[in-house]
2 protein chains.
Amino acid sequence: MDSSMVRKRRADALSRTRIVEAAIVLLDSAGEGALTFRALAAKLDTGLGALYHHLTDKADLVAAACDTIVVKVLTNLDASAEPVDRVRQLGLALYDAMDQHPWLGSTLPRVRGLSVVRILEPIGQSLVQLDVPQPEQWSTASALLHYMLGVGGQTAANAQVARLGDMNRESYLEAAAKEWAALDPVAFAFVRSVAGQLPRHSDRQDFLAGLDLILAGTRMLTVASKTRPRRKA
Amino acid sequence: MDSSMVRKRRADALSRTRIVEAAIVLLDSAGEGALTFRALAAKLDTGLGALYHHLTDKADLVAAACDTIVVKVLTNLDASAEPVDRVRQLGLALYDAMDQHPWLGSTLPRVRGLSVVRILEPIGQSLVQLDVPQPEQWSTASALLHYMLGVGGQTAANAQVARLGDMNRESYLEAAAKEWAALDPVAFAFVRSVAGQLPRHSDRQDFLAGLDLILAGTRMLTVASKTRPRRKA
DNA sequence: ACCTGAACACCGTTCAAGT
DNA sequence: ACCTGAACACCGTTCAAGT
């Protein structure tokens with residue numbers, strides 16, 4: 001019962017879930033480069049080989065970490081909302097998760113397993129409810145998925161650069177804005193013209209604006225198909 | 001003048017450009033995992049340290065490889081085309097480059113340097129020409145950029161999985177379709193419903209369809225702004 | 001069955017030493 | 001100035017050996 005005994009007998013046994021949770025903590029606190037089997041073993045106070053008894057691979061570990069977050073995001077969604085709102089909610093929830101766990105955006109695309117399919121499913125279901133014509137359902141769902149993943153990748157990259165330079169978000173954006181403003185006025189006319197808004201802008205709002213752009217384009221697909229009315233199911 | 005002398009005196013001296021070109025060949029032929037300073041040194045018949053005399057980092061090398069491709073893509077664009085067509089051309093050219101160099105899609109987002117800004121610039125210029133209102137220019141250009149990068153990331157991931165499994169595109173897609181068809185009928189209703197089209201679909205056409213979705217949404221921004229007409233410059 | 005940690009085959013990067 | 005290659009400090013992964 002005394003503390004030395006508790007320390008000897010581990011509070012909870014090593015398990016896949018515990019390892020993955022520790023991996024997420026490691027990734028969140030110090031970035032992708034910090035996830036190491038050795039660091040993980042030290043954090044869990046165990047040996048290297050023990051980890052391989054619960055995981056097949058590092059890829060397996062990363063995939064499990066991703067899937068844990070993705071499942072959590074999808075579980076918290078409100079299924080009763082209108083289809084368009086469901087997609088927006090899903091997008092924002094995913095954005096927030098990628099913002100909170102920057103390693104997610106760079107890892108999710110290349111992860112094996114169901115994580116990406118899990119995200120695709122509610123998107124597709126919403127499009128079906130929106131009466132997007134069958135031939136366009138797949139490409140539209142893909143477009144929404146790729147957009148979300150693309151934003152996540154960039155979020156991850158920015159977080160990584162900021163971390164390497166040991167900067168916070170504001171100083172990073174201001175440095176980028178200054179860099180852009182110094183570019184060639186002819187070749188980079190547009191980028192220079194928007195450099196000023198860079199430090200003040202909200203990535204989250206921009207994400208939603210882009211999502212709404214795709215959803216607006218999607219609405220036109222349904223409108224176009226409604227001119228040839230189909231009977232209801 | 002005889003061949004032994006030619007072999008002794010290297011045909012062309014080691015240079016940053018030559019190194020980057022060799023790196024691209026290595027990446028194209030065997031994937032991201034094959035790009036190693038040791039492999040590169042062997043290919044160029046030089047020492048390890050010599051490479052560091054022309055490069056600061058591995059990140060520097062990868063960034064240079066990316067930028068080489070990006071610059072090539074952008075150089076070949078037809079600047080005289082209509083704005084919408086310019087964006088589509090740019091998108092397709094980028095898609096093709098990412099298809100041909102699968103490592104590009106997974107690397108581009110996290111690369112330091114101008115590569116991403118180079119892509120953003122012509123997108124933004126096209127939006128200006130399209131009379132997209134100033135407040136929406138940045139978020140719209142970002143959306144288009146992120147979409148393109150998102151598709152590239154997925155292309156890269158698919159190529160990677162196919163390479164690991166030693167499969168060609170067709171057998172990879174058929175395996176994925178079979179996997180999807182075996183998913184839970186309730187939880188994955190949508191994904192199952194589109195599994196059949198997976199082997200036959202064209203990623204390139206889907207990419208364009210998604211791009212057009214965003215462009216259709218963008219057109220609505222300009223139409224909306226035209227109801228309050230502004231004087232011409 | 002579950003765990004340990006030394007050992008192996010790699011990496012990126014550095015640096016004294018050469019030309 | 002440019003190049004060499006041994007050396008260093010890491011990796012992921014394996015595996016005989018322990019309990």
# chains A, B, ... in the order shown; residues from 1 in each chain; ligands from 1
>>> interface_residues(of="chain B", to="chain D", cutoff="8 Å", atoms="only C-alpha atoms (C1' of nucleotides)", output="PyMOL selection string")
chain B and resi 47-50+53
>>> interface_residues(of="chain B", to="chain A", cutoff="6 Å", atoms="only C-alpha atoms", output="PyMOL selection string")
chain B and resi 109-110+121+124-125+139+143+146-147+149-151+154+157+190-191+206+210+213-214+216-217
>>> calpha_fit_rmsd(fixed="chain B", moving="chain A")
0.1 Å
>>> atom_distance(atom1="atom CA of A:Ile19", atom2="atom CA of A:Arg163")
24.6 Å
>>> atom_distance(atom1="atom CA of A:Tyr52", atom2="atom CA of A:Thr36")
12.6 Å
>>> select_by_dssp(residues="stretch 87-184 of chain A", states="helix (DSSP H, G or I)", output="NGL selection string")
:A and (87-100 or 102-110 or 115-129 or 134-164 or 169-181)
